[in-house]
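Engineer: Would you mind keeping the following structure in view while I ask a few things?
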Amino acid sequence: MGLEKEVPIEEPVRPDEFMIRPCYLYEAEFHECERPKGRFHQLFIFGDYLDCNQWKRDAQLCKKWQEKKDEKARAELIESEEKRRIERLKPHYQNDVWKKRDKPPENWNAPLPDWIVEKNKNTYLDLKAQSIRNGTVNDIDMKVYESVTCSIL
């Protein structure tokens with residue numbers, strides 16, 4: 001008999017597991033949807049109040065999934081997230097104003113025009129880019145590092 005530690009076995013992550021948010025986010029979305037400021041925003045943007053019940057349902061399903069590993073709750077929650085994602089991306093896919101590209105333009109990495117190069121000369125971004133190219137740290141970086149302090153109490 002030794003002092004061996006029991007290592008918990010981690011469950012494999014499923015491909016769609018990333019879609020499930022932490023439970024407190026569902027609760028926060030529900031409360032934000034229900035509060036007067038949220039209602040006023042909905043009325044202003046959409047002309048009517050939104051139904052907040054799905055956020056409440058998702059919060060309940062999330063708790064079931066987290067506490068009891070209820071597979072039905074997990075599946076329902078992922079389905080809800082998929083519907084939400086489709087609804088959010090609908091305007092993107094329905095957009096017929098812009099032509100979508102399948103590759104970048106031919107000259108996407110062409111040098112900048114001289115006037116832009118001149119305008120950005122000696123800016124922080126230019127000096128930082130030079131220091132990265134040269135592999136050196138310049139005076140500006142040192143001043144920034146010297147002025148930064150952190151205290152943990």
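A note on labels: chains of the structure tokens are A, B, ... as shown, every chain counts residues from 1, and ligands are counted from 1 in their shown order.
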Write out as a ChimeraX atom specification each polymer residue whose atoms come within 12 Å of Arg84 (chain A), counting only C-alpha atoms; drop sequence neighbours fewer than 4 positions from it.
Structural biologist: /A:19-20,54-55,58,77-80,88-90
Engineer: Got time to write the residues from that selection, C-alpha atoms, as a short mmCIF file (atom, residue, chain, number, x, y, z; two decimals), in the first residue's frame?
Structural biologist:
data_model
loop_
_atom_site.label_atom_id
_atom_site.label_comp_id
_atom_site.auth_asym_id
_atom_site.auth_seq_id
_atom_site.Cartn_x
_atom_site.Cartn_y
_atom_site.Cartn_z
CA MET A 19 -20.15 24.90 -29.08
CA ILE A 20 -21.33 24.59 -25.50
CA GLN A 54 -34.54 29.95 -25.21
CA TRP A 55 -31.75 31.50 -23.11
CA ASP A 58 -30.27 26.71 -22.56
CA LEU A 77 -28.01 22.45 -26.25
CA ILE A 78 -25.83 21.86 -29.30
CA GLU A 79 -28.89 21.97 -31.54
CA SER A 80 -29.85 25.32 -29.99
CA ARG A 88 -26.44 34.87 -36.91
CA LEU A 89 -24.75 33.99 -40.22
CA LYS A 90 -27.88 34.19 -42.36
#
Engineer: Can you tell me how far CA of Ala59 (chain A) sits from CA of Tyr26 (chain A), in Å to one decimal?
Structural biologist: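 Between CA of Ala59 (chain A) and CA of Tyr26 (chain A) the gap works out to 4.9 Å.
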Engineer: Which one of A:Ile132, A:Ala75, A:Val137, A:Leu61 sits closest to Arg14 (chain A) if you count only C-alpha atoms?
Structural biologist: A:Ala75
Engineer: Give the answer as one residue: which of A:Val97, A:Ile116, A:Ile45, A:Leu50 has the shortest atom-to-atom distance to Cys33 (chain A), using only C-alpha atoms?
Structural biologist: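 Result for the nearest residue to Cys33 (chain A): A:Leu50.
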Engineer: Kindly give the distance, in Å, that separates CA of Cys52 (chain A) and CA of Cys23 (chain A), rounded to a single decimal.
Structural biologist: 15.7 Å
Engineer: From the list A:Glu118, A:Tyr93, A:Phe30, A:Phe46, which residue is nearest Gln60 (chain A) when using only C-alpha atoms?
Structural biologist: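 Under the stated criterion, the closest residue is A:Phe30.
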Engineer: What does the distance from CA of Tyr24 (chain A) to CA of Lys64 (chain A) come to in Å, to one decimal?
Structural biologist: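 Between CA of Tyr24 (chain A) and CA of Lys64 (chain A) the gap is 13.1 Å.
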Engineer: Run DSSP on the backbone and give me the residues of region 47-148 of chain A it puts in helix (DSSP H, G or I), as JSON, numbers by chain.
Structural biologist: {"A": [53, 54, 55, 56, 57, 58, 59, 60, 61, 62, 63, 64, 65, 66, 67, 68, 71, 72, 73, 74, 75, 76, 77, 78, 79, 80, 81, 82, 83, 84, 85, 86, 87, 88, 89, 90, 91, 92, 93, 94, 114, 115, 116, 117, 118, 119, 124, 125, 126, 127, 128, 129, 130, 131, 132, 133, 134, 139, 140, 141, 142, 143, 144, 145, 146, 147]}
